[in-house]
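**Q** So here's my_file14.pdb (PDB, C-alpha atoms and all ligand atoms).
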ATOM      1  CA  MET A 271     -73.747 -16.840 -38.063  1.00  0.00           C
ATOM      2  CA  LEU A 272     -75.418 -14.046 -40.044  1.00  0.00           C
ATOM      3  CA  ALA A 273     -73.157 -11.425 -38.469  1.00  0.00           C
ATOM      4  CA  GLY A 274     -70.156 -13.598 -39.282  1.00  0.00           C
ATOM      5  CA  GLY A 275     -71.284 -13.907 -42.915  1.00  0.00           C
ATOM      6  CA  ILE A 276     -71.762 -10.153 -43.236  1.00  0.00           C
ATOM      7  CA  LEU A 277     -68.333  -9.478 -41.780  1.00  0.00           C
ATOM      8  CA  LEU A 278     -66.792 -12.026 -44.110  1.00  0.00           C
ATOM      9  CA  ALA A 279     -68.475 -10.340 -47.093  1.00  0.00           C
ATOM     10  CA  ILE A 280     -67.052  -6.995 -45.972  1.00  0.00           C
ATOM     11  CA  ARG A 281     -63.663  -8.604 -45.713  1.00  0.00           C
ATOM     12  CA  LEU A 282     -63.821 -10.054 -49.217  1.00  0.00           C
ATOM     13  CA  TRP A 283     -65.551  -7.286 -51.155  1.00  0.00           C
ATOM     14  CA  VAL A 284     -65.012  -4.022 -49.357  1.00  0.00           C
ATOM     15  CA  MET A 285     -61.779  -4.320 -47.413  1.00  0.00           C
ATOM     16  CA  PRO A 286     -59.715  -7.011 -49.114  1.00  0.00           C
ATOM     17  CA  GLU A 287     -56.545  -5.516 -47.684  1.00  0.00           C
ATOM     18  CA  PHE A 288     -57.649  -6.174 -44.044  1.00  0.00           C
ATOM     19  CA  PRO A 289     -56.566  -9.446 -42.411  1.00  0.00           C
ATOM     20  CA  LEU A 290     -59.525 -11.733 -41.690  1.00  0.00           C
ATOM     21  CA  LEU A 291     -58.850 -11.737 -37.939  1.00  0.00           C
ATOM     22  CA  ILE A 292     -59.236  -7.947 -37.684  1.00  0.00           C
ATOM     23  CA  VAL A 293     -62.550  -8.036 -39.533  1.00  0.00           C
ATOM     24  CA  LEU A 294     -63.862 -10.872 -37.349  1.00  0.00           C
ATOM     25  CA  LEU A 295     -62.556  -9.365 -34.117  1.00  0.00           C
ATOM     26  CA  PRO A 296     -65.816  -7.562 -33.125  1.00  0.00           C
ATOM     27  CA  LEU A 297     -67.752 -10.818 -33.539  1.00  0.00           C
ATOM     28  CA  ILE A 298     -65.206 -12.787 -31.513  1.00  0.00           C
ATOM     29  CA  LEU A 299     -65.229 -10.138 -28.764  1.00  0.00           C
ATOM     30  CA  TYR A 300     -69.036 -10.192 -28.665  1.00  0.00           C
ATOM     31  CA  LEU A 301     -69.105 -13.993 -28.346  1.00  0.00           C
ATOM     32  CA  VAL A 302     -66.536 -13.895 -25.519  1.00  0.00           C
ATOM     33  CA  LEU A 303     -68.527 -11.161 -23.747  1.00  0.00           C
ATOM     34  CA  ALA A 304     -71.804 -13.096 -24.166  1.00  0.00           C
ATOM     35  CA  ALA A 305     -70.240 -16.264 -22.730  1.00  0.00           C
ATOM     36  CA  TRP A 306     -68.776 -14.290 -19.811  1.00  0.00           C
ATOM     37  CA  GLY A 307     -72.149 -12.632 -19.158  1.00  0.00           C
ATOM     38  CA  SER A 308     -73.834 -16.007 -19.155  1.00  0.00           C
ATOM     39  CA  ILE A 309     -71.636 -17.733 -16.592  1.00  0.00           C
ATOM     40  CA  ARG A 310     -70.861 -14.784 -14.322  1.00  0.00           C
ATOM     41  CA  VAL A 311     -73.899 -14.307 -12.121  1.00  0.00           C
ATOM     42  CA  LYS A 312     -72.826 -10.781 -11.086  1.00  0.00           C
ATOM     43  CA  SER A 313     -72.507  -9.490 -14.648  1.00  0.00           C
ATOM     44  CA  ASN A 314     -76.184  -8.424 -15.116  1.00  0.00           C
ATOM     45  CA  PHE A 315     -75.513  -9.050 -18.808  1.00  0.00           C
ATOM     46  CA  TYR A 316     -78.817 -10.756 -19.649  1.00  0.00           C
ATOM     47  CA  THR A 317     -80.941 -10.150 -16.591  1.00  0.00           C
ATOM     48  CA  PRO A 318     -80.540  -8.177 -13.350  1.00  0.00           C
ATOM     49  CA  VAL A 319     -79.276 -10.371 -10.510  1.00  0.00           C
ATOM     50  CA  ILE A 320     -79.008  -8.925  -6.986  1.00  0.00           C
ATOM     51  CA  CYS A 321     -75.751 -10.204  -5.510  1.00  0.00           C
ATOM     52  CA  LYS A 322     -75.171  -7.944  -2.513  1.00  0.00           C
ATOM     53  CA  GLY A 323     -77.016  -5.945   0.138  1.00  0.00           C
ATOM     54  CA  PRO A 324     -76.324  -2.408   1.337  1.00  0.00           C
ATOM     55  CA  GLU A 325     -72.792  -1.754   2.533  1.00  0.00           C
ATOM     56  CA  ASN A 326     -73.761   0.884   5.097  1.00  0.00           C
ATOM     57  CA  GLN A 327     -75.133  -1.542   7.703  1.00  0.00           C
ATOM     58  CA  LYS A 328     -73.208  -4.451   9.139  1.00  0.00           C
ATOM     59  CA  SER A 329     -75.554  -7.186   7.953  1.00  0.00           C
ATOM     60  CA  VAL A 330     -75.078 -10.325   5.878  1.00  0.00           C
ATOM     61  CA  ALA A 331     -77.361 -13.162   4.710  1.00  0.00           C
ATOM     62  CA  LEU A 332     -77.006 -16.938   4.512  1.00  0.00           C
ATOM     63  CA  THR A 333     -78.573 -18.799   1.586  1.00  0.00           C
ATOM     64  CA  PHE A 334     -78.779 -22.529   0.892  1.00  0.00           C
ATOM     65  CA  ASP A 335     -79.450 -24.066  -2.535  1.00  0.00           C
ATOM     66  CA  ASP A 336     -80.628 -27.400  -3.926  1.00  0.00           C
ATOM     67  CA  GLY A 337     -82.736 -28.655  -0.991  1.00  0.00           C
ATOM     68  CA  PRO A 338     -84.733 -29.793   0.702  1.00  0.00           C
ATOM     69  CA  SER A 339     -82.318 -32.634   1.268  1.00  0.00           C
ATOM     70  CA  GLY A 340     -83.375 -35.709   3.198  1.00  0.00           C
ATOM     71  CA  ILE A 341     -79.793 -36.029   4.462  1.00  0.00           C
ATOM     72  CA  ASN A 342     -78.685 -32.682   5.885  1.00  0.00           C
ATOM     73  CA  THR A 343     -81.385 -30.013   5.739  1.00  0.00           C
ATOM     74  CA  LEU A 344     -82.791 -30.862   9.175  1.00  0.00           C
ATOM     75  CA  GLU A 345     -79.304 -30.568  10.677  1.00  0.00           C
ATOM     76  CA  VAL A 346     -78.851 -27.145   9.067  1.00  0.00           C
ATOM     77  CA  LEU A 347     -82.257 -26.179  10.413  1.00  0.00           C
ATOM     78  CA  GLU A 348     -81.326 -27.283  13.927  1.00  0.00           C
ATOM     79  CA  ILE A 349     -78.110 -25.220  13.901  1.00  0.00           C
ATOM     80  CA  LEU A 350     -79.970 -22.137  12.622  1.00  0.00           C
ATOM     81  CA  GLN A 351     -82.601 -22.594  15.307  1.00  0.00           C
ATOM     82  CA  GLN A 352     -80.008 -22.946  18.074  1.00  0.00           C
ATOM     83  CA  HIS A 353     -78.458 -19.635  16.999  1.00  0.00           C
ATOM     84  CA  LYS A 354     -81.835 -17.960  16.301  1.00  0.00           C
ATOM     85  CA  ILE A 355     -80.778 -17.232  12.710  1.00  0.00           C
ATOM     86  CA  LYS A 356     -83.177 -16.937   9.761  1.00  0.00           C
ATOM     87  CA  ALA A 357     -81.851 -17.950   6.348  1.00  0.00           C
ATOM     88  CA  ALA A 358     -83.071 -18.450   2.778  1.00  0.00           C
ATOM     89  CA  PHE A 359     -83.509 -21.804   1.076  1.00  0.00           C
ATOM     90  CA  PHE A 360     -83.660 -21.801  -2.727  1.00  0.00           C
ATOM     91  CA  CYS A 361     -85.362 -25.122  -3.303  1.00  0.00           C
ATOM     92  CA  ILE A 362     -85.538 -27.470  -6.262  1.00  0.00           C
ATOM     93  CA  GLY A 363     -89.191 -28.299  -7.068  1.00  0.00           C
ATOM     94  CA  LYS A 364     -88.661 -32.043  -7.498  1.00  0.00           C
ATOM     95  CA  HIS A 365     -86.942 -32.180  -4.093  1.00  0.00           C
ATOM     96  CA  VAL A 366     -89.882 -30.301  -2.572  1.00  0.00           C
ATOM     97  CA  ASP A 367     -92.167 -33.025  -3.971  1.00  0.00           C
ATOM     98  CA  GLU A 368     -89.938 -35.648  -2.311  1.00  0.00           C
ATOM     99  CA  HIS A 369     -89.697 -33.880   1.064  1.00  0.00           C
ATOM    100  CA  PRO A 370     -92.710 -31.607   1.547  1.00  0.00           C
ATOM    101  CA  GLU A 371     -92.544 -32.115   5.326  1.00  0.00           C
ATOM    102  CA  ILE A 372     -89.021 -30.633   5.446  1.00  0.00           C
ATOM    103  CA  LEU A 373     -90.089 -27.625   3.389  1.00  0.00           C
ATOM    104  CA  GLN A 374     -93.042 -27.097   5.724  1.00  0.00           C
ATOM    105  CA  LYS A 375     -90.669 -27.148   8.688  1.00  0.00           C
ATOM    106  CA  LEU A 376     -88.327 -24.617   7.062  1.00  0.00           C
ATOM    107  CA  HIS A 377     -91.247 -22.307   6.400  1.00  0.00           C
ATOM    108  CA  GLU A 378     -92.774 -22.746   9.867  1.00  0.00           C
ATOM    109  CA  GLN A 379     -89.467 -21.813  11.473  1.00  0.00           C
ATOM    110  CA  GLY A 380     -89.406 -18.521   9.597  1.00  0.00           C
ATOM    111  CA  HIS A 381     -86.918 -19.241   6.833  1.00  0.00           C
ATOM    112  CA  LEU A 382     -87.416 -17.837   3.360  1.00  0.00           C
ATOM    113  CA  ILE A 383     -88.277 -20.236   0.555  1.00  0.00           C
ATOM    114  CA  GLY A 384     -87.170 -19.342  -2.979  1.00  0.00           C
ATOM    115  CA  ASN A 385     -87.438 -20.954  -6.395  1.00  0.00           C
ATOM    116  CA  HIS A 386     -84.363 -22.758  -7.759  1.00  0.00           C
ATOM    117  CA  SER A 387     -86.159 -24.380 -10.753  1.00  0.00           C
ATOM    118  CA  TYR A 388     -88.121 -27.629 -10.754  1.00  0.00           C
ATOM    119  CA  SER A 389     -85.647 -29.876 -12.534  1.00  0.00           C
ATOM    120  CA  HIS A 390     -82.228 -28.259 -11.972  1.00  0.00           C
ATOM    121  CA  HIS A 391     -81.536 -30.093 -15.218  1.00  0.00           C
ATOM    122  CA  PRO A 392     -77.853 -30.295 -16.323  1.00  0.00           C
ATOM    123  CA  LEU A 393     -78.942 -28.757 -19.638  1.00  0.00           C
ATOM    124  CA  PHE A 394     -81.173 -26.102 -18.032  1.00  0.00           C
ATOM    125  CA  ASP A 395     -79.088 -23.401 -19.711  1.00  0.00           C
ATOM    126  CA  LEU A 396     -80.059 -24.777 -23.117  1.00  0.00           C
ATOM    127  CA  PHE A 397     -83.808 -24.877 -22.419  1.00  0.00           C
ATOM    128  CA  THR A 398     -86.023 -22.715 -24.655  1.00  0.00           C
ATOM    129  CA  SER A 399     -87.704 -19.825 -22.854  1.00  0.00           C
ATOM    130  CA  LYS A 400     -91.007 -21.759 -22.997  1.00  0.00           C
ATOM    131  CA  LYS A 401     -89.354 -24.742 -21.304  1.00  0.00           C
ATOM    132  CA  VAL A 402     -87.691 -22.522 -18.682  1.00  0.00           C
ATOM    133  CA  PHE A 403     -91.041 -20.845 -18.058  1.00  0.00           C
ATOM    134  CA  LYS A 404     -92.764 -24.206 -17.500  1.00  0.00           C
ATOM    135  CA  ASP A 405     -89.964 -25.417 -15.234  1.00  0.00           C
ATOM    136  CA  LEU A 406     -90.123 -22.321 -13.031  1.00  0.00           C
ATOM    137  CA  ILE A 407     -93.933 -22.441 -12.840  1.00  0.00           C
ATOM    138  CA  LEU A 408     -93.728 -26.101 -11.772  1.00  0.00           C
ATOM    139  CA  ALA A 409     -91.246 -25.226  -9.001  1.00  0.00           C
ATOM    140  CA  ASN A 410     -93.422 -22.401  -7.719  1.00  0.00           C
ATOM    141  CA  ALA A 411     -96.463 -24.721  -7.789  1.00  0.00           C
ATOM    142  CA  SER A 412     -94.647 -27.402  -5.739  1.00  0.00           C
ATOM    143  CA  ILE A 413     -93.601 -24.833  -3.152  1.00  0.00           C
ATOM    144  CA  GLU A 414     -96.976 -23.088  -3.064  1.00  0.00           C
ATOM    145  CA  LYS A 415     -98.758 -26.414  -2.525  1.00  0.00           C
ATOM    146  CA  VAL A 416     -96.850 -26.823   0.750  1.00  0.00           C
ATOM    147  CA  ILE A 417     -96.384 -23.330   2.171  1.00  0.00           C
ATOM    148  CA  ARG A 418     -99.454 -21.653   0.585  1.00  0.00           C
ATOM    149  CA  LYS A 419     -97.291 -18.784  -0.635  1.00  0.00           C
ATOM    150  CA  LYS A 420     -95.915 -18.080  -4.090  1.00  0.00           C
ATOM    151  CA  PRO A 421     -92.164 -17.327  -4.116  1.00  0.00           C
ATOM    152  CA  LEU A 422     -91.009 -14.166  -5.853  1.00  0.00           C
ATOM    153  CA  LEU A 423     -87.299 -14.781  -5.398  1.00  0.00           C
ATOM    154  CA  PHE A 424     -85.347 -17.036  -7.719  1.00  0.00           C
ATOM    155  CA  ARG A 425     -81.809 -18.314  -7.845  1.00  0.00           C
ATOM    156  CA  PRO A 426     -80.515 -19.383 -11.273  1.00  0.00           C
ATOM    157  CA  PRO A 427     -79.352 -23.029 -11.355  1.00  0.00           C
ATOM    158  CA  TYR A 428     -75.554 -23.112 -11.757  1.00  0.00           C
ATOM    159  CA  GLY A 429     -75.604 -19.289 -11.567  1.00  0.00           C
ATOM    160  CA  VAL A 430     -76.026 -19.155 -15.341  1.00  0.00           C
ATOM    161  CA  THR A 431     -78.224 -16.519 -16.964  1.00  0.00           C
ATOM    162  CA  ASN A 432     -79.207 -16.220 -20.627  1.00  0.00           C
ATOM    163  CA  PRO A 433     -81.905 -14.610 -22.817  1.00  0.00           C
ATOM    164  CA  MET A 434     -84.286 -17.598 -22.424  1.00  0.00           C
ATOM    165  CA  LEU A 435     -84.143 -17.329 -18.626  1.00  0.00           C
ATOM    166  CA  SER A 436     -84.461 -13.560 -18.766  1.00  0.00           C
ATOM    167  CA  ALA A 437     -87.702 -13.813 -20.802  1.00  0.00           C
ATOM    168  CA  ALA A 438     -89.204 -16.365 -18.383  1.00  0.00           C
ATOM    169  CA  LEU A 439     -88.263 -14.311 -15.314  1.00  0.00           C
ATOM    170  CA  GLN A 440     -89.875 -11.195 -16.757  1.00  0.00           C
ATOM    171  CA  GLU A 441     -93.042 -13.091 -17.570  1.00  0.00           C
ATOM    172  CA  LEU A 442     -93.243 -14.566 -14.056  1.00  0.00           C
ATOM    173  CA  LYS A 443     -92.050 -11.364 -12.319  1.00  0.00           C
ATOM    174  CA  LEU A 444     -89.402 -13.327 -10.427  1.00  0.00           C
ATOM    175  CA  ILE A 445     -86.415 -11.506  -8.959  1.00  0.00           C
ATOM    176  CA  SER A 446     -83.005 -13.168  -9.340  1.00  0.00           C
ATOM    177  CA  ILE A 447     -80.854 -13.399  -6.260  1.00  0.00           C
ATOM    178  CA  GLY A 448     -77.159 -14.184  -6.670  1.00  0.00           C
ATOM    179  CA  TRP A 449     -74.366 -14.171  -4.106  1.00  0.00           C
ATOM    180  CA  SER A 450     -71.179 -12.341  -3.265  1.00  0.00           C
ATOM    181  CA  ILE A 451     -69.468 -15.164  -1.327  1.00  0.00           C
ATOM    182  CA  ARG A 452     -69.512 -18.516  -3.076  1.00  0.00           C
ATOM    183  CA  SER A 453     -68.498 -21.267  -0.691  1.00  0.00           C
ATOM    184  CA  PHE A 454     -67.787 -24.005  -3.261  1.00  0.00           C
ATOM    185  CA  ASP A 455     -69.037 -26.402  -0.572  1.00  0.00           C
ATOM    186  CA  THR A 456     -70.005 -28.928  -3.262  1.00  0.00           C
ATOM    187  CA  VAL A 457     -66.331 -29.389  -4.161  1.00  0.00           C
ATOM    188  CA  LEU A 458     -64.413 -28.361  -1.015  1.00  0.00           C
ATOM    189  CA  ALA A 459     -64.653 -31.296   1.371  1.00  0.00           C
ATOM    190  CA  ASP A 460     -62.082 -29.992   3.864  1.00  0.00           C
ATOM    191  CA  LYS A 461     -63.905 -28.115   6.632  1.00  0.00           C
ATOM    192  CA  GLU A 462     -60.904 -25.980   7.664  1.00  0.00           C
ATOM    193  CA  LYS A 463     -60.323 -24.859   4.091  1.00  0.00           C
ATOM    194  CA  LEU A 464     -64.009 -24.120   3.582  1.00  0.00           C
ATOM    195  CA  LEU A 465     -64.318 -22.075   6.769  1.00  0.00           C
ATOM    196  CA  LYS A 466     -61.172 -20.148   5.873  1.00  0.00           C
ATOM    197  CA  ARG A 467     -62.467 -19.469   2.380  1.00  0.00           C
ATOM    198  CA  VAL A 468     -65.819 -18.076   3.488  1.00  0.00           C
ATOM    199  CA  THR A 469     -64.472 -15.989   6.367  1.00  0.00           C
ATOM    200  CA  ARG A 470     -61.383 -14.481   4.720  1.00  0.00           C
ATOM    201  CA  LYS A 471     -62.961 -11.204   3.566  1.00  0.00           C
ATOM    202  CA  VAL A 472     -66.531 -10.790   4.734  1.00  0.00           C
ATOM    203  CA  LYS A 473     -68.025  -7.360   4.108  1.00  0.00           C
ATOM    204  CA  SER A 474     -71.310  -5.697   5.004  1.00  0.00           C
ATOM    205  CA  GLY A 475     -74.076  -6.721   2.602  1.00  0.00           C
ATOM    206  CA  ASP A 476     -72.496 -10.037   1.657  1.00  0.00           C
ATOM    207  CA  ILE A 477     -74.749 -12.904   0.562  1.00  0.00           C
ATOM    208  CA  PHE A 478     -73.302 -16.378   1.221  1.00  0.00           C
ATOM    209  CA  LEU A 479     -74.033 -19.292  -1.088  1.00  0.00           C
ATOM    210  CA  PHE A 480     -74.123 -22.761   0.491  1.00  0.00           C
ATOM    211  CA  HIS A 481     -75.866 -26.062  -0.248  1.00  0.00           C
ATOM    212  CA  ASP A 482     -77.829 -27.717   2.557  1.00  0.00           C
ATOM    213  CA  LYS A 483     -77.134 -31.142   1.007  1.00  0.00           C
ATOM    214  CA  CYS A 484     -73.404 -30.843   1.857  1.00  0.00           C
ATOM    215  CA  LYS A 485     -72.115 -32.468   5.035  1.00  0.00           C
ATOM    216  CA  VAL A 486     -69.153 -30.077   5.182  1.00  0.00           C
ATOM    217  CA  THR A 487     -71.566 -27.134   5.321  1.00  0.00           C
ATOM    218  CA  VAL A 488     -73.240 -28.628   8.371  1.00  0.00           C
ATOM    219  CA  GLN A 489     -69.796 -29.079   9.922  1.00  0.00           C
ATOM    220  CA  ILE A 490     -68.704 -25.444   9.524  1.00  0.00           C
ATOM    221  CA  LEU A 491     -72.034 -23.675  10.028  1.00  0.00           C
ATOM    222  CA  PRO A 492     -71.823 -23.214  13.829  1.00  0.00           C
ATOM    223  CA  ALA A 493     -68.259 -21.844  13.563  1.00  0.00           C
ATOM    224  CA  LEU A 494     -69.230 -19.518  10.702  1.00  0.00           C
ATOM    225  CA  ILE A 495     -72.229 -18.118  12.613  1.00  0.00           C
ATOM    226  CA  GLU A 496     -70.119 -17.630  15.742  1.00  0.00           C
ATOM    227  CA  TYR A 497     -67.390 -15.903  13.694  1.00  0.00           C
ATOM    228  CA  LEU A 498     -69.861 -13.522  12.036  1.00  0.00           C
ATOM    229  CA  ILE A 499     -71.489 -12.616  15.346  1.00  0.00           C
ATOM    230  CA  ALA A 500     -68.088 -12.090  17.008  1.00  0.00           C
ATOM    231  CA  GLU A 501     -67.133  -9.763  14.136  1.00  0.00           C
ATOM    232  CA  GLY A 502     -70.264  -7.706  14.805  1.00  0.00           C
ATOM    233  CA  PHE A 503     -72.350  -8.810  11.810  1.00  0.00           C
ATOM    234  CA  VAL A 504     -76.111  -9.197  12.027  1.00  0.00           C
ATOM    235  CA  ILE A 505     -77.296 -12.248  10.044  1.00  0.00           C
ATOM    236  CA  GLU A 506     -80.555 -11.379   8.314  1.00  0.00           C
ATOM    237  CA  ARG A 507     -82.900 -13.135   5.937  1.00  0.00           C
ATOM    238  CA  VAL A 508     -81.919 -12.129   2.421  1.00  0.00           C
ATOM    239  CA  ASP A 509     -85.251 -10.373   1.716  1.00  0.00           C
ATOM    240  CA  ASP A 510     -84.754  -8.273   4.875  1.00  0.00           C
ATOM    241  CA  LEU A 511     -81.144  -7.538   3.929  1.00  0.00           C
ATOM    242  CA  LEU A 512     -82.258  -6.382   0.476  1.00  0.00           C
ATOM    243  CA  ASN A 513     -85.546  -4.852   1.662  1.00  0.00           C
ATOM    244  CA  ILE A 514     -87.587  -6.700  -0.947  1.00  0.00           C
ATOM    245  CA  THR A 515     -90.770  -8.806  -0.899  1.00  0.00           C
ATOM    246  CA  ALA A 516     -90.312 -12.575  -0.768  1.00  0.00           C
ATOM    247  CA  TYR A 517     -93.769 -13.781  -1.772  1.00  0.00           C
ATOM    248  CA  ALA A 518     -96.532 -12.677  -4.157  1.00  0.00           C
TER     249      ALA A 518
HETATM  250 ZN    ZN A 601     -78.254 -25.403  -7.581  1.00  0.00          ZN
END
Kindly return the structure encoded in the file as structure tokens.
Ligand SMILES: [Zn+2]
**A**
Amino acid sequence: MLAGGILLAIRLWVMPEFPLLIVLLPLILYLVLAAWGSIRVKSNFYTPVICKGPENQKSVALTFDDGPSGINTLEVLEILQQHKIKAAFFCIGKHVDEHPEILQKLHEQGHLIGNHSYSHHPLFDLFTSKKVFKDLILANASIEKVIRKKPLLFRPPYGVTNPMLSAALQELKLISIGWSIRSFDTVLADKEKLLKRVTRKVKSGDIFLFHDKCKVTVQILPALIEYLIAEGFVIERVDDLLNITAYA
């Protein structure tokens, strides 16, 4: 608002011959850029987000958000176990409180547990940095209570980053993990279409984003794993792919 007022003053008093749009253009461009940086997880506009692993080794990682789910997580777990694959689960704190036994199982079977906020609130992006901070601490506490380890890896709810989140992440020393292949499994109910989408251009270092609550994900997971293995990819845990530490 202040910047807009200053620009308007310049327009009126210093450069009356300039059209208003030209004077306001820098402000408009900044606002567009800020909005783009907020919704595009790969932009690194507000906070660094790691979205891909090294491209010089043929490895990829599977990640699952929003669990633990009482409906599908155990099925996902079973498929991963059958194929001897380790994955990452970015869990919502309130769901951990509802299903601590599932989280324990995920951890015991060697999967990585990350923080995906406590509330996953629809207005999370509008939380103050103090509120974000509290929410992330709550999620870590719920997870730590079960697995006795404090997660260091975080996935932003809805993939949105902003200055309030950035401040909280710095304070808590959490590392943001994004993705390079977004499945859209929460909206794509057709298993053929989903499998096609996620396998159409897989590259070394790719990080897949799925949701363990989605039935369609369970349906395509065996075929996806078999495809990746047949193509010569090694499926690693995301912290191994990125060579970073998962817990404090
Ligand atoms: Zn989510």
**Q** So the first atom is atom CA of A:Ser450 and the second is atom CA of A:Lys466; what is the distance between them in Å, to one decimal place?
**A** 15.6 Å
**Q** Using only C-alpha atoms and all ligand atoms, find each protein or nucleic acid residue lying at most 8 Å from ligand ZN 601 (chain A); present the set as a ChimeraX atom specification.
**A** /A:335-336,362,386,390,425-429,481
**Q** Report as a list in words all protein, DNA and RNA residues lying within 9 Å of stretch 357-359 of chain A, evaluated on only C-alpha atoms, omitting residues in the same chain fewer than 4 positions from it.
**A** Ala331, Leu332, Thr333, Phe334, Asp335, Asp336, Gly337, Pro338, Leu350, Leu376, Gly380, His381, Leu382, Ile383, Gly384, Asn385, His386, His481, Asp482, Ile505, Glu506, Arg507, Val508 and Asp509 of chain A
**Q** Between A:Thr456, A:Ser412, A:Ser446, A:Thr515, single out the one closest to A:His369, counting all atoms listed in the file.
**A**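 Under the stated criterion, the closest residue is A:Ser412.
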**Q** Up to 12 Å from (-94.6, -19.7, -15.3) in the file's coordinates: name the residues, counting only C-alpha atoms, as an MDAnalysis selection string.
**A** chainID A and resid 385 387:388 399:411 420:422 435 437:444
**Q** How would the residues just picked look written out with C-alpha atoms as an mmCIF file, in the coordinates of the input?
**A**
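That gives us part-v8.cif:
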data_model
loop_
_atom_site.group_PDB
_atom_site.id
_atom_site.type_symbol
_atom_site.label_atom_id
_atom_site.label_comp_id
_atom_site.auth_asym_id
_atom_site.auth_seq_id
_atom_site.Cartn_x
_atom_site.Cartn_y
_atom_site.Cartn_z
ATOM 1 C CA ASN A 385 -87.438 -20.954 -6.395
ATOM 2 C CA SER A 387 -86.159 -24.380 -10.753
ATOM 3 C CA TYR A 388 -88.121 -27.629 -10.754
ATOM 4 C CA SER A 399 -87.704 -19.825 -22.854
ATOM 5 C CA LYS A 400 -91.007 -21.759 -22.997
ATOM 6 C CA LYS A 401 -89.354 -24.742 -21.304
ATOM 7 C CA VAL A 402 -87.691 -22.522 -18.682
ATOM 8 C CA PHE A 403 -91.041 -20.845 -18.058
ATOM 9 C CA LYS A 404 -92.764 -24.206 -17.500
ATOM 10 C CA ASP A 405 -89.964 -25.417 -15.234
ATOM 11 C CA LEU A 406 -90.123 -22.321 -13.031
ATOM 12 C CA ILE A 407 -93.933 -22.441 -12.840
ATOM 13 C CA LEU A 408 -93.728 -26.101 -11.772
ATOM 14 C CA ALA A 409 -91.246 -25.226 -9.001
ATOM 15 C CA ASN A 410 -93.422 -22.401 -7.719
ATOM 16 C CA ALA A 411 -96.463 -24.721 -7.789
ATOM 17 C CA LYS A 420 -95.915 -18.080 -4.090
ATOM 18 C CA PRO A 421 -92.164 -17.327 -4.116
ATOM 19 C CA LEU A 422 -91.009 -14.166 -5.853
ATOM 20 C CA LEU A 435 -84.143 -17.329 -18.626
ATOM 21 C CA ALA A 437 -87.702 -13.813 -20.802
ATOM 22 C CA ALA A 438 -89.204 -16.365 -18.383
ATOM 23 C CA LEU A 439 -88.263 -14.311 -15.314
ATOM 24 C CA GLN A 440 -89.875 -11.195 -16.757
ATOM 25 C CA GLU A 441 -93.042 -13.091 -17.570
ATOM 26 C CA LEU A 442 -93.243 -14.566 -14.056
ATOM 27 C CA LYS A 443 -92.050 -11.364 -12.319
ATOM 28 C CA LEU A 444 -89.402 -13.327 -10.427
#
**Q** Between atom CA of A:Tyr316 and atom CA of A:Leu299, what is the distance in Å, rounded to a tenth?
**A** 16.4 Å
**Q** Expand the PyMOL selection byres (((chain A and resi 447) around 7) and not hetatm) into the individual residues it matches in the shown file, reporting them as a PyMOL selection string.
**A** chain A and resi 319-321+423-425+445-446+448-449
**Q** What is the distance between atom CA of A:Thr343 and atom CA of A:Arg310, in Å to one decimal?
**A** 27.3 Å
**Q** Within 8 Å of (-71.5, -10.4, -2.0), all atoms listed in the file: residues as a list of chain:residue names?
**A**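 In the file's frame, the residues around the point are A:Cys321, A:Lys322, A:Gly323, A:Trp449, A:Ser450, A:Ile451, A:Lys473, A:Gly475, A:Asp476, A:Ile477, A:Phe478.
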**Q** Taking all atoms listed in the file into account, which of A:Val472, A:Leu295, A:Leu290, A:Leu373 comes nearest A:Phe503?
**A**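 Closest candidate: A:Val472.
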**Q** With all atoms listed in the file as the atoms that count, which of A:Asp510, A:Leu458, A:Pro433, A:Ser339 lies nearest to A:Pro318?
**A**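 Counting all atoms listed in the file, the residue closest to A:Pro318 is A:Pro433.
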**Q** Please produce stretch 413-421 of chain A, completed to N, CA and C atoms, as a compact mmCIF listing (two decimals), in the coordinates of the input.
**A**
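Just written: part00.txt:
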# COMPACT_ATOMS: atom_id res chain seq x y z
N ILE A 413 -93.83 -25.56 -4.41
CA ILE A 413 -93.60 -24.83 -3.15
C ILE A 413 -94.92 -24.30 -2.60
N GLU A 414 -95.71 -23.71 -3.50
CA GLU A 414 -96.98 -23.09 -3.06
C GLU A 414 -97.94 -24.12 -2.47
N LYS A 415 -97.89 -25.33 -3.03
CA LYS A 415 -98.76 -26.41 -2.52
C LYS A 415 -98.49 -26.68 -1.04
N VAL A 416 -97.23 -26.51 -0.63
CA VAL A 416 -96.85 -26.82 0.75
C VAL A 416 -96.98 -25.60 1.66
N ILE A 417 -96.44 -24.47 1.23
CA ILE A 417 -96.38 -23.33 2.17
C ILE A 417 -97.50 -22.32 1.95
N ARG A 418 -98.31 -22.54 0.90
CA ARG A 418 -99.45 -21.65 0.58
C ARG A 418 -99.01 -20.22 0.28
N LYS A 419 -97.80 -20.09 -0.21
CA LYS A 419 -97.29 -18.78 -0.64
C LYS A 419 -96.52 -18.97 -1.92
N LYS A 420 -96.61 -17.96 -2.81
CA LYS A 420 -95.92 -18.08 -4.09
C LYS A 420 -94.59 -17.31 -4.04
N PRO A 421 -93.46 -18.02 -4.18
CA PRO A 421 -92.16 -17.33 -4.12
C PRO A 421 -91.99 -16.29 -5.23
